[in-house]
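> My file is target-v7.tsv. It has TSV, C-alpha atoms:
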chain	number	residue	atom	x	y	z
J	1	MET	CA	35.41	-3.09	-2.42
J	2	GLY	CA	31.80	-3.35	-1.31
J	3	ILE	CA	28.97	-1.47	0.34
J	4	LYS	CA	25.75	-2.48	2.09
J	5	ILE	CA	22.70	-0.25	1.74
J	6	LEU	CA	19.01	-0.34	2.58
J	7	HIS	CA	16.88	0.65	-0.42
J	8	SER	CA	13.45	2.16	0.23
J	9	ALA	CA	10.97	4.42	-1.58
J	10	ASP	CA	7.43	5.75	-1.65
J	11	TRP	CA	6.93	6.56	2.02
J	12	GLN	CA	4.28	9.14	1.09
J	13	LEU	CA	4.21	10.64	4.57
J	14	GLY	CA	1.14	12.76	5.15
J	15	LYS	CA	-1.11	10.59	2.99
J	16	PRO	CA	-4.64	11.61	4.08
J	17	TYR	CA	-6.57	8.30	3.83
J	18	GLY	CA	-9.66	10.46	3.56
J	19	ARG	CA	-12.13	7.68	2.77
J	20	PHE	CA	-11.56	5.94	6.10
J	21	GLU	CA	-12.97	6.56	9.56
J	22	PRO	CA	-10.79	8.63	11.92
J	23	ASP	CA	-9.56	5.67	13.98
J	24	VAL	CA	-8.40	3.76	10.89
J	25	ARG	CA	-6.97	6.91	9.35
J	26	GLY	CA	-4.98	7.65	12.51
J	27	ALA	CA	-3.57	4.12	12.71
J	28	LEU	CA	-2.47	4.12	9.07
J	29	THR	CA	-0.88	7.54	9.41
J	30	GLU	CA	1.06	6.59	12.53
J	31	ALA	CA	2.24	3.33	10.94
J	32	ARG	CA	4.00	5.31	8.21
J	33	PHE	CA	6.00	7.23	10.79
J	34	ASP	CA	6.73	4.05	12.78
J	35	MET	CA	8.04	2.56	9.55
J	36	ILE	CA	10.94	5.04	9.60
J	37	ASP	CA	12.02	3.57	12.94
J	38	THR	CA	11.67	0.08	11.49
J	39	LEU	CA	13.99	1.04	8.64
J	40	GLY	CA	16.50	2.55	11.06
J	41	ARG	CA	16.51	-0.56	13.24
J	42	THR	CA	16.75	-2.82	10.18
J	43	ALA	CA	19.75	-0.89	8.89
J	44	ALA	CA	21.49	-1.22	12.25
J	45	GLU	CA	20.68	-4.93	12.56
J	46	HIS	CA	22.23	-5.66	9.16
J	47	ASP	CA	25.13	-3.21	9.47
J	48	ALA	CA	23.91	-1.00	6.60
J	49	GLN	CA	25.25	2.51	7.11
J	50	HIS	CA	23.09	4.11	4.41
J	51	VAL	CA	19.36	4.19	3.70
J	52	ILE	CA	18.64	5.45	0.19
J	53	VAL	CA	15.05	6.52	-0.49
J	54	ALA	CA	14.01	6.66	-4.15
J	55	GLY	CA	11.44	9.44	-4.15
J	56	ASP	CA	7.97	10.24	-2.82
J	57	ILE	CA	9.11	10.54	0.76
J	58	PHE	CA	6.13	12.87	1.23
J	59	ASP	CA	2.68	12.55	-0.29
J	60	THR	CA	2.59	16.17	-1.45
J	61	GLU	CA	5.01	19.03	-2.04
J	62	GLY	CA	3.39	20.95	0.82
J	63	PRO	CA	3.05	18.68	3.87
J	64	GLU	CA	2.17	20.05	7.29
J	65	ASP	CA	5.00	21.08	9.61
J	66	ARG	CA	4.17	18.21	11.96
J	67	THR	CA	4.70	15.72	9.14
J	68	ILE	CA	8.12	17.18	8.36
J	69	VAL	CA	9.22	17.39	11.99
J	70	GLN	CA	8.05	13.83	12.70
J	71	ALA	CA	9.97	12.52	9.69
J	72	ILE	CA	13.18	14.34	10.61
J	73	SER	CA	13.03	13.44	14.29
J	74	ARG	CA	12.41	9.75	13.52
J	75	MET	CA	15.33	9.58	11.10
J	76	SER	CA	17.65	11.55	13.37
J	77	ARG	CA	17.49	9.08	16.23
J	78	HIS	CA	19.13	6.30	14.22
J	79	GLY	CA	22.81	5.89	13.46
J	80	CYS	CA	22.52	5.42	9.69
J	81	ARG	CA	22.63	8.16	7.08
J	82	TRP	CA	19.49	8.92	5.08
J	83	TRP	CA	19.67	9.91	1.40
J	84	LEU	CA	16.38	11.45	0.24
J	85	LEU	CA	15.46	11.87	-3.43
J	86	PRO	CA	12.55	14.08	-4.58
J	87	GLY	CA	9.95	12.12	-6.57
J	88	ASN	CA	6.85	13.09	-8.50
J	89	HIS	CA	4.71	13.65	-5.37
J	90	ASP	CA	7.38	15.77	-3.64
J	91	PHE	CA	9.37	17.11	-6.59
J	92	ALA	CA	12.15	19.63	-6.04
J	93	ARG	CA	11.57	23.32	-6.67
J	94	ASN	CA	13.23	26.46	-5.37
J	95	GLY	CA	11.76	27.67	-2.11
J	96	GLY	CA	9.65	24.55	-1.76
J	97	LEU	CA	9.44	21.52	0.49
J	98	TRP	CA	13.08	20.53	0.36
J	99	ASP	CA	14.29	23.95	1.47
J	100	ARG	CA	11.98	23.64	4.49
J	101	ILE	CA	13.50	20.26	5.31
J	102	ARG	CA	17.07	21.41	4.71
J	103	HIS	CA	16.66	24.11	7.36
J	104	LYS	CA	15.58	21.54	9.96
J	105	ALA	CA	17.63	18.46	9.05
J	106	GLY	CA	21.01	17.58	10.55
J	107	ASP	CA	24.05	15.88	9.06
J	108	LYS	CA	22.44	12.45	9.03
J	109	ILE	CA	19.93	13.52	6.36
J	110	VAL	CA	21.15	14.32	2.84
J	111	ILE	CA	18.71	15.92	0.41
J	112	LEU	CA	19.43	14.98	-3.19
J	113	SER	CA	17.60	17.84	-4.89
J	114	GLU	CA	20.35	18.34	-7.49
J	115	PRO	CA	21.60	15.79	-10.05
J	116	VAL	CA	25.08	15.82	-8.53
J	117	PRO	CA	26.95	12.60	-7.66
J	118	HIS	CA	27.98	12.01	-4.05
J	119	GLU	CA	30.84	9.83	-2.85
J	120	PHE	CA	29.13	8.36	0.19
J	121	GLU	CA	31.99	5.98	0.97
J	122	SER	CA	35.49	5.83	-0.45
J	123	GLY	CA	35.14	4.69	-4.05
J	124	ALA	CA	31.37	4.25	-3.79
J	125	TRP	CA	29.35	6.92	-5.58
J	126	LEU	CA	25.63	7.65	-5.44
J	127	LEU	CA	24.15	9.13	-8.65
J	128	PRO	CA	20.77	10.82	-8.00
J	129	ALA	CA	18.10	11.73	-10.55
J	130	PRO	CA	15.74	14.07	-8.64
J	131	LEU	CA	12.49	15.10	-10.29
J	132	VAL	CA	12.03	18.85	-10.63
J	133	HIS	CA	8.51	18.54	-12.05
J	134	ARG	CA	5.68	16.13	-11.33
J	135	HIS	CA	5.86	14.84	-14.90
J	136	ASN	CA	9.02	14.82	-17.01
J	137	LEU	CA	8.95	13.94	-20.69
J	138	GLU	CA	12.61	12.98	-20.78
J	139	ASP	CA	14.28	10.07	-19.03
J	140	PRO	CA	15.38	11.50	-15.65
J	141	THR	CA	18.28	9.03	-15.52
J	142	ALA	CA	19.83	10.05	-18.86
J	143	LEU	CA	22.29	12.26	-16.97
J	144	PHE	CA	23.86	9.19	-15.41
J	145	ASP	CA	25.71	8.59	-18.68
J	146	THR	CA	27.74	11.77	-18.26
J	147	MET	CA	28.03	11.98	-14.46
J	148	GLU	CA	31.69	11.93	-13.48
J	149	THR	CA	32.65	9.72	-10.54
J	150	PRO	CA	36.46	9.98	-10.20
J	151	GLY	CA	38.09	6.81	-8.93
J	152	ALA	CA	34.77	5.04	-8.62
J	153	SER	CA	34.78	1.38	-7.71
J	154	LEU	CA	30.98	1.33	-7.40
J	155	ARG	CA	28.29	3.43	-9.08
J	156	ILE	CA	24.79	3.28	-7.59
J	157	GLY	CA	21.92	5.08	-9.29
J	158	LEU	CA	18.86	6.44	-7.48
J	159	ALA	CA	15.74	7.43	-9.45
J	160	HIS	CA	11.96	7.66	-9.44
J	161	GLY	CA	9.86	6.74	-12.44
J	162	SER	CA	8.43	3.99	-14.62
J	163	ILE	CA	10.86	1.59	-16.20
J	164	ARG	CA	7.99	-0.15	-17.93
J	165	ASP	CA	4.38	0.71	-18.66
J	166	PHE	CA	2.41	-0.03	-15.53
J	167	GLY	CA	-0.83	1.21	-17.08
J	168	SER	CA	-3.22	2.73	-14.57
J	169	ARG	CA	-1.21	1.44	-11.60
J	170	GLY	CA	1.86	3.58	-12.14
J	171	GLU	CA	3.04	6.82	-13.62
J	172	THR	CA	3.00	7.04	-17.41
J	173	LYS	CA	5.53	9.89	-17.35
J	174	ASN	CA	9.12	9.87	-16.06
J	175	GLN	CA	9.93	6.86	-18.23
J	176	ILE	CA	13.30	5.24	-17.51
J	177	ALA	CA	15.24	3.21	-20.05
J	178	PRO	CA	14.96	-0.48	-19.14
J	179	ASP	CA	18.68	-1.00	-19.71
J	180	ARG	CA	19.75	2.09	-17.78
J	181	ALA	CA	22.03	0.16	-15.40
J	182	LYS	CA	23.98	-1.29	-18.31
J	183	ARG	CA	24.02	1.96	-20.32
J	184	SER	CA	25.36	4.01	-17.43
J	185	ALA	CA	27.71	1.38	-15.98
J	186	LEU	CA	25.78	1.17	-12.75
J	187	ASP	CA	26.45	-1.56	-10.24
J	188	TYR	CA	22.94	-1.09	-8.86
J	189	LEU	CA	19.94	1.06	-9.81
J	190	ALA	CA	17.54	1.78	-6.93
J	191	LEU	CA	14.10	2.80	-8.13
J	192	GLY	CA	10.88	4.16	-6.68
J	193	ASP	CA	7.33	4.67	-8.02
J	194	TRP	CA	6.05	1.08	-8.16
J	195	HIS	CA	4.61	0.20	-4.74
J	196	GLY	CA	5.56	-3.47	-4.68
J	197	ALA	CA	9.06	-4.95	-4.53
J	198	LEU	CA	9.98	-5.74	-8.14
J	199	LYS	CA	13.11	-7.04	-9.83
J	200	ILE	CA	13.71	-5.62	-13.32
J	201	ASP	CA	17.07	-7.27	-13.80
J	202	ALA	CA	19.96	-8.36	-11.58
J	203	ARG	CA	21.11	-4.75	-11.06
J	204	THR	CA	17.76	-2.91	-11.18
J	205	TRP	CA	15.07	-3.12	-8.50
J	206	TYR	CA	12.02	-1.32	-7.19
J	207	SER	CA	11.91	-1.57	-3.42
J	208	GLY	CA	8.18	-0.85	-3.20
J	209	THR	CA	6.63	1.07	-0.35
J	210	PRO	CA	7.71	0.02	3.15
J	211	GLU	CA	4.10	0.33	4.40
J	212	THR	CA	1.40	-0.83	1.97
J	213	ASP	CA	-1.33	1.75	1.44
J	214	ARG	CA	-3.94	0.25	-0.87
J	215	PHE	CA	-6.00	-2.81	-1.73
J	216	GLN	CA	-3.79	-4.11	-4.50
J	217	ARG	CA	-1.64	-6.95	-3.23
J	218	ASP	CA	-1.45	-9.34	-0.30
J	219	ASP	CA	2.17	-8.65	0.55
J	220	PRO	CA	2.92	-6.09	3.27
J	221	GLY	CA	5.59	-3.46	2.67
J	222	HIS	CA	9.26	-4.26	2.23
J	223	ALA	CA	12.67	-2.65	1.98
J	224	LEU	CA	15.63	-4.15	0.12
J	225	LEU	CA	18.90	-4.95	1.81
J	226	VAL	CA	21.49	-4.62	-0.98
J	227	ASN	CA	25.06	-5.85	-0.77
J	228	VAL	CA	27.03	-4.41	-3.70
J	229	GLU	CA	30.49	-5.80	-4.39
J	230	MET	CA	32.80	-4.63	-7.17
J	231	GLY	CA	32.71	-7.00	-10.15
J	232	SER	CA	29.75	-9.02	-8.87
J	233	GLU	CA	26.00	-8.84	-9.20
J	234	PRO	CA	24.40	-7.27	-6.14
J	235	VAL	CA	22.85	-9.53	-3.53
J	236	VAL	CA	19.33	-8.22	-2.88
J	237	THR	CA	17.26	-9.42	0.09
J	238	PRO	CA	13.68	-8.20	0.64
J	239	ILE	CA	12.95	-7.52	4.32
J	240	ARG	CA	9.46	-7.00	5.65
J	241	THR	CA	8.93	-3.56	7.15
J	242	GLY	CA	5.15	-3.07	6.93
J	243	ARG	CA	2.71	-3.43	9.79
J	244	PHE	CA	-0.54	-3.61	7.86
J	245	GLN	CA	-1.67	-6.16	5.31
J	246	TRP	CA	-4.31	-5.17	2.74
J	247	LEU	CA	-6.18	-8.23	1.48
J	248	VAL	CA	-8.61	-8.60	-1.40
J	249	ARG	CA	-10.78	-11.72	-1.33
J	250	ASP	CA	-13.59	-12.88	-3.65
J	251	TRP	CA	-15.66	-15.71	-2.21
J	252	THR	CA	-18.43	-17.68	-3.84
J	253	VAL	CA	-20.63	-19.10	-1.08
J	254	ASN	CA	-23.71	-21.31	-1.24
J	255	ASN	CA	-24.64	-21.57	2.41
J	256	GLN	CA	-23.69	-20.39	5.87
J	257	ALA	CA	-21.55	-23.46	6.61
J	258	ASN	CA	-19.48	-22.86	3.47
J	259	PHE	CA	-18.98	-19.23	4.44
J	260	ASP	CA	-18.05	-20.06	8.05
J	261	ALA	CA	-15.38	-22.48	6.86
J	262	GLU	CA	-13.83	-19.84	4.56
J	263	CYS	CA	-14.03	-17.25	7.30
J	264	ASP	CA	-12.44	-19.43	9.97
J	265	GLN	CA	-9.61	-20.42	7.64
J	266	LEU	CA	-8.84	-16.77	6.83
J	267	LEU	CA	-8.95	-15.59	10.44
J	268	GLY	CA	-6.64	-18.42	11.44
J	269	ALA	CA	-4.03	-17.38	8.87
J	270	ILE	CA	-3.80	-13.61	9.40
J	271	ASP	CA	-2.85	-11.07	12.03
J	272	ALA	CA	-6.41	-9.76	12.27
J	273	PRO	CA	-5.84	-6.45	14.14
J	274	ASN	CA	-3.31	-5.42	11.47
J	275	THR	CA	-5.37	-6.54	8.48
J	276	LEU	CA	-7.59	-4.54	6.16
J	277	LEU	CA	-9.92	-6.75	4.12
J	278	GLN	CA	-11.91	-5.97	1.01
J	279	LEU	CA	-14.33	-8.89	0.74
J	280	THR	CA	-16.60	-9.52	-2.25
J	281	LEU	CA	-19.29	-12.17	-1.83
J	282	ALA	CA	-21.22	-13.86	-4.62
J	283	GLY	CA	-23.49	-16.86	-4.89
J	284	ILE	CA	-27.04	-17.95	-4.12
J	285	THR	CA	-28.04	-18.92	-0.59
J	286	GLY	CA	-31.17	-19.24	1.44
J	287	LEU	CA	-32.36	-15.92	2.75
J	288	SER	CA	-31.75	-16.92	6.37
J	289	ASP	CA	-28.20	-17.94	5.48
J	290	ARG	CA	-27.53	-14.61	3.79
J	291	ILE	CA	-28.77	-12.74	6.83
J	292	ALA	CA	-26.60	-14.91	9.10
J	293	ILE	CA	-23.51	-14.44	6.88
J	294	LEU	CA	-23.82	-10.67	6.87
J	295	GLY	CA	-24.60	-10.73	10.56
J	296	ARG	CA	-21.35	-12.54	11.36
J	297	LEU	CA	-19.38	-10.10	9.23
J	298	GLU	CA	-20.92	-7.06	10.89
J	299	ASN	CA	-21.06	-8.30	14.47
J	300	ASP	CA	-17.89	-10.38	14.70
J	301	VAL	CA	-15.39	-10.20	11.83
J	302	ARG	CA	-15.56	-6.41	11.47
J	303	HIS	CA	-14.56	-6.00	15.12
J	304	ARG	CA	-11.56	-8.31	14.76
J	305	LEU	CA	-10.03	-6.57	11.74
J	306	ARG	CA	-8.55	-3.11	11.39
J	307	LEU	CA	-10.98	-2.54	8.48
J	308	LEU	CA	-13.61	-4.59	6.66
J	309	ASP	CA	-15.00	-3.44	3.30
J	310	ILE	CA	-17.92	-5.73	2.36
J	311	ARG	CA	-19.30	-5.98	-1.18
J	312	ALA	CA	-22.26	-8.33	-1.13
J	313	ASP	CA	-24.60	-7.18	-3.89
J	314	ASP	CA	-23.94	-10.40	-5.81
J	315	LEU	CA	-24.75	-12.62	-2.86
J	316	VAL	CA	-28.39	-13.49	-3.57
J	317	GLY	CA	-30.59	-14.64	-0.72
J	318	ARG	CA	-33.69	-16.45	-1.91
J	319	PRO	CA	-36.38	-17.42	0.59
J	320	SER	CA	-37.04	-21.13	0.80
J	321	GLU	CA	-40.55	-22.54	0.68
J	322	ASP	CA	-40.39	-23.08	4.43
J	323	GLU	CA	-39.37	-19.47	5.01
J	324	LEU	CA	-42.20	-18.17	2.85
J	325	ALA	CA	-44.62	-20.56	4.52
J	326	SER	CA	-43.61	-19.26	7.95
J	327	LEU	CA	-44.61	-15.78	6.87
J	328	ALA	CA	-47.68	-16.84	4.94
J	329	ILE	CA	-49.57	-17.58	8.14
J	330	GLU	CA	-48.92	-14.01	9.27
J	331	GLY	CA	-51.55	-12.54	6.97
J	332	THR	CA	-50.34	-9.10	5.87
J	333	LEU	CA	-46.69	-10.02	6.37
J	334	GLY	CA	-47.12	-13.11	4.22
J	335	ALA	CA	-48.82	-11.14	1.45
J	336	ALA	CA	-46.03	-8.54	1.51
J	337	ALA	CA	-43.38	-11.27	1.37
J	338	ALA	CA	-45.04	-12.90	-1.61
J	339	LYS	CA	-45.20	-9.61	-3.51
J	340	LEU	CA	-41.60	-8.81	-2.75
J	341	ASN	CA	-40.53	-12.27	-3.90
J	342	ASP	CA	-42.38	-11.73	-7.21
J	343	ARG	CA	-40.49	-8.43	-7.66
J	344	ILE	CA	-37.19	-10.20	-6.99
J	345	GLU	CA	-37.95	-12.85	-9.59
J	346	ALA	CA	-38.73	-10.12	-12.14
J	347	GLY	CA	-35.25	-8.63	-11.68
J	348	GLY	CA	-34.19	-5.07	-12.56
J	349	PRO	CA	-33.60	-2.12	-10.19
J	350	GLU	CA	-36.86	-2.76	-8.35
J	351	GLY	CA	-35.79	-6.35	-7.79
J	352	LEU	CA	-32.69	-5.19	-5.89
J	353	ILE	CA	-34.80	-2.94	-3.67
J	354	ALA	CA	-37.28	-5.76	-3.15
J	355	LYS	CA	-34.45	-8.09	-2.12
J	356	ARG	CA	-33.33	-5.69	0.60
J	357	ALA	CA	-36.90	-5.16	1.74
J	358	LEU	CA	-37.58	-8.90	2.00
J	359	GLU	CA	-34.41	-9.37	4.04
J	360	ARG	CA	-35.50	-6.62	6.40
J	361	LEU	CA	-38.93	-8.21	6.68
J	362	PHE	CA	-37.39	-11.53	7.71
J	363	VAL	CA	-35.02	-9.85	10.17
J	364	GLU	CA	-37.85	-8.04	11.88
J	365	TYR	CA	-40.09	-11.13	11.86
J	366	ASN	CA	-37.33	-13.30	13.39
J	367	ARG	CA	-36.55	-10.62	15.95
J	368	GLN	CA	-40.12	-10.59	17.25
J	369	GLU	CA	-40.08	-14.39	17.44
J	370	LEU	CA	-37.14	-14.38	19.86
J	371	PRO	CA	-38.08	-15.03	23.52
Could you rewrite the structure in this file as structure tokens?


Amino acid sequence: MGIKILHSADWQLGKPYGRFEPDVRGALTEARFDMIDTLGRTAAEHDAQHVIVAGDIFDTEGPEDRTIVQAISRMSRHGCRWWLLPGNHDFARNGGLWDRIRHKAGDKIVILSEPVPHEFESGAWLLPAPLVHRHNLEDPTALFDTMETPGASLRIGLAHGSIRDFGSRGETKNQIAPDRAKRSALDYLALGDWHGALKIDARTWYSGTPETDRFQRDDPGHALLVNVEMGSEPVVTPIRTGRFQWLVRDWTVNNQANFDAECDQLLGAIDAPNTLLQLTLAGITGLSDRIAILGRLENDVRHRLRLLDIRADDLVGRPSEDELASLAIEGTLGAAAAKLNDRIEAGGPEGLIAKRALERLFVEYNRQELP
């Protein structure tokens, strides 16, 4: 007796991405809907008849109608069956989101808004632990202990919550016993809430989000292909489903050549149009080098990537003696440059302003020198 399922979670459809420009926001939003098709195709390719989604299918309990219709229509065009569990973002309540979906969804979509076991194949039972509040003080999976599954060969749990303390990165409520699979005689426990694929033990996994949505890890989104056989540990295979990669890089650079080498290496290793990069620069360079580094980022790299977030306050550009000498012959410009350099050396808030002003002075001076 065995069953093959695709385990997913944390779709968070309708996520607003409010801090991004409209073109980036639109691309990220559409990628989350496209991800549903990716899951459907992946299930078909691997002969998995069931996709179980461990909560937070929607980003809020009141998504727009378009978000709901898009989700249902995307799921409905695939041959697999979709099992949807309310999480803390889209918790179940009477007259709420899940009633709206139930009225529109067909037979391929099963809403698990009640803690009632379902026999989704002969002898294989799915035990859901839907959240009915955003934060629950009790373990939402405690009911698994007493759920009756007559004639069960396989028991698969589906829940949303924190099985360990993730600190500020995860929910501190909805705590799940770390040995829940063993306690409740589960062959597999599919979890949602943590946004990266994570193995807790041989029978307990977080699938992570199928489409990464934050600067937190290099890995794109995944789903888990799970082959559960009676009497054996499940075979779990992560499968990439995400389009976008969110990278965080911290570079210490000392000159333009050093920066260009780092930059070329990165661009050669990524799928640039589908990459969002948060780049922090630190170090001390010549002022001309700093201007050239930021110029390449703004005029070249930014246009290659889906998004570039530059943090360069700790990249210090100090004018060389030759640079200062080139301005010194300019009379008033040279005097201004010297004063600004003195302010920079003194440090403090005025030093930061002076640094930006001196850079601007050099930019304008070099611009007028161009033929």

> Which residues are close to Arg32 of chain J, i.e. within 8 Å by only C-alpha atoms, leaving aside same-chain residues fewer than 6 positions away? Reply as a JSON list (two decimals) with C-alpha atoms, in the frame of the given file.


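Result saved to around20.json:
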[["chain", "number", "residue", "atom", "x", "y", "z"],
["J", 11, "TRP", "CA", 6.93, 6.56, 2.02],
["J", 13, "LEU", "CA", 4.21, 10.64, 4.57],
["J", 211, "GLU", "CA", 4.10, 0.33, 4.40]]

> Work out how far apart atom CA of Val236 of chain J and atom CA of Thr212 of chain J are and give it in Å to one decimal.

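Between atom CA of Val236 of chain J and atom CA of Thr212 of chain J the gap is 20.0 Å.
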
> In the coordinates of the file, take the point (12.1, -0.9, 11.0) and a cut-off of 12 Å; then, counting only C-alpha atoms, name each qualifying protein, DNA or RNA residue as a PyMOL selection string.

chain J and resi 6+8+31-46+51+74-75+78+210-211+221-224+239-243

> Could you state the separation of atom CA of Pro140 of chain J and atom CA of Ser76 of chain J in Å, given to one decimal place?

29.1 Å

> May I ask for the distance between atom CA of Thr285 of chain J and atom CA of Arg318 of chain J, given in Å to one decimal place?

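According to the coordinates, atom CA of Thr285 of chain J and atom CA of Arg318 of chain J are separated by 6.3 Å.
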
> Residues within 9 Å of Ala92 of chain J, please, as an MDAnalysis selection string. Count only C-alpha atoms; anything in the same chain fewer than 4 positions from it doesn't count.

chainID J and resid 61 85:88 96:99 113:114 130:133

> My list of candidates is J:Ser73, J:Thr146, J:Thr204, J:Asn258. Which is closest to Ile109 of chain J when distances are computed with only C-alpha atoms?

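Looking only at the distances to Ile109 of chain J, the closest residue turns out to be J:Ser73.
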
> For Gly14 of chain J, please output as number ranges by chain all residues within 8 Å (counting only C-alpha atoms; exclusion window: fewer than 5 positions along the same chain).

J: 29, 58-60, 63-64, 67

> Once you count all atoms listed in the file, which residues end up no further than 10 Å from (1.1, 6.5, -6.3) in the file's frame, shown as a PyMOL selection string?

chain J and resi 10+12+56+59+88-89+169-171+193-195+209+213-214

> For Gly192 of chain J, work out the shell of residues within 7 Å, counting only C-alpha atoms and skipping chain neighbours fewer than 6 positions away, then give it as a count of residues only.

10

> Would you kindly return, as a PDB file with C-alpha atoms, keeping the file's coordinate frame, each protein, DNA or RNA residue with an atom no farther than 10 Å from any atom of Lys108 of chain J, considering all atoms listed in the file and excluding same-chain residues fewer than 6 positions away?


ATOM      1  CA  HIS J  50      23.090   4.110   4.410  1.00  0.00           C
ATOM      2  CA  ILE J  72      13.180  14.340  10.610  1.00  0.00           C
ATOM      3  CA  MET J  75      15.330   9.580  11.100  1.00  0.00           C
ATOM      4  CA  SER J  76      17.650  11.550  13.370  1.00  0.00           C
ATOM      5  CA  ARG J  77      17.490   9.080  16.230  1.00  0.00           C
ATOM      6  CA  HIS J  78      19.130   6.300  14.220  1.00  0.00           C
ATOM      7  CA  GLY J  79      22.810   5.890  13.460  1.00  0.00           C
ATOM      8  CA  CYS J  80      22.520   5.420   9.690  1.00  0.00           C
ATOM      9  CA  ARG J  81      22.630   8.160   7.080  1.00  0.00           C
ATOM     10  CA  TRP J  82      19.490   8.920   5.080  1.00  0.00           C
ATOM     11  CA  TRP J  83      19.670   9.910   1.400  1.00  0.00           C
TER      12      TRP J  83
END

> Find the residue from J:Ala185, J:Ala129, J:Ala105, J:Ala272 that sits nearest to Thr149 of chain J; use only C-alpha atoms when measuring.

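Among J:Ala185, J:Ala129, J:Ala105, J:Ala272, it is J:Ala185 that comes nearest to Thr149 of chain J.
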
> In terms of the shortest atom-to-atom distance over only C-alpha atoms, which of J:Ser122, J:Thr141, J:Asn299, J:Gln245 is closest to Leu277 of chain J?

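Between J:Ser122, J:Thr141, J:Asn299, J:Gln245, the residue approaching Leu277 of chain J most closely is J:Gln245.
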
> Output segment 145-157 of chain J as an mmCIF file, in the coordinates of the input, making sure N, CA, C and O atoms are there.


data_model
loop_
_atom_site.group_PDB
_atom_site.id
_atom_site.type_symbol
_atom_site.label_atom_id
_atom_site.label_comp_id
_atom_site.auth_asym_id
_atom_site.auth_seq_id
_atom_site.Cartn_x
_atom_site.Cartn_y
_atom_site.Cartn_z
ATOM 1 N N ASP J 145 24.688 8.920 -17.672
ATOM 2 C CA ASP J 145 25.710 8.590 -18.680
ATOM 3 C C ASP J 145 26.916 9.512 -18.591
ATOM 4 O O ASP J 145 28.051 9.101 -18.872
ATOM 5 N N THR J 146 26.664 10.771 -18.228
ATOM 6 C CA THR J 146 27.740 11.770 -18.260
ATOM 7 C C THR J 146 28.184 12.212 -16.859
ATOM 8 O O THR J 146 29.020 13.104 -16.739
ATOM 9 N N MET J 147 27.619 11.612 -15.818
ATOM 10 C CA MET J 147 28.030 11.980 -14.460
ATOM 11 C C MET J 147 29.435 11.443 -14.183
ATOM 12 O O MET J 147 29.688 10.251 -14.336
ATOM 13 N N GLU J 148 30.319 12.327 -13.764
ATOM 14 C CA GLU J 148 31.690 11.930 -13.480
ATOM 15 C C GLU J 148 31.822 11.461 -12.033
ATOM 16 O O GLU J 148 31.354 12.118 -11.105
ATOM 17 N N THR J 149 32.441 10.301 -11.861
ATOM 18 C CA THR J 149 32.650 9.720 -10.540
ATOM 19 C C THR J 149 34.113 9.296 -10.436
ATOM 20 O O THR J 149 34.447 8.124 -10.604
ATOM 21 N N PRO J 150 35.006 10.251 -10.184
ATOM 22 C CA PRO J 150 36.460 9.980 -10.200
ATOM 23 C C PRO J 150 36.843 8.852 -9.244
ATOM 24 O O PRO J 150 36.464 8.849 -8.071
ATOM 25 N N GLY J 151 37.591 7.902 -9.751
ATOM 26 C CA GLY J 151 38.090 6.810 -8.930
ATOM 27 C C GLY J 151 37.027 5.865 -8.428
ATOM 28 O O GLY J 151 37.243 5.148 -7.444
ATOM 29 N N ALA J 152 35.886 5.844 -9.110
ATOM 30 C CA ALA J 152 34.770 5.040 -8.620
ATOM 31 C C ALA J 152 35.046 3.552 -8.753
ATOM 32 O O ALA J 152 35.471 3.067 -9.795
ATOM 33 N N SER J 153 34.790 2.841 -7.668
ATOM 34 C CA SER J 153 34.780 1.380 -7.710
ATOM 35 C C SER J 153 33.341 0.882 -7.862
ATOM 36 O O SER J 153 33.104 -0.174 -8.438
ATOM 37 N N LEU J 154 32.395 1.677 -7.319
ATOM 38 C CA LEU J 154 30.980 1.330 -7.400
ATOM 39 C C LEU J 154 30.175 2.562 -7.784
ATOM 40 O O LEU J 154 30.423 3.659 -7.264
ATOM 41 N N ARG J 155 29.209 2.361 -8.680
ATOM 42 C CA ARG J 155 28.290 3.430 -9.080
ATOM 43 C C ARG J 155 26.856 2.941 -8.833
ATOM 44 O O ARG J 155 26.422 1.937 -9.414
ATOM 45 N N ILE J 156 26.160 3.670 -7.964
ATOM 46 C CA ILE J 156 24.790 3.280 -7.590
ATOM 47 C C ILE J 156 23.857 4.411 -7.998
ATOM 48 O O ILE J 156 24.021 5.560 -7.570
ATOM 49 N N GLY J 157 22.886 4.096 -8.840
ATOM 50 C CA GLY J 157 21.920 5.080 -9.290
ATOM 51 C C GLY J 157 20.684 5.090 -8.409
ATOM 52 O O GLY J 157 20.292 4.061 -7.850
#
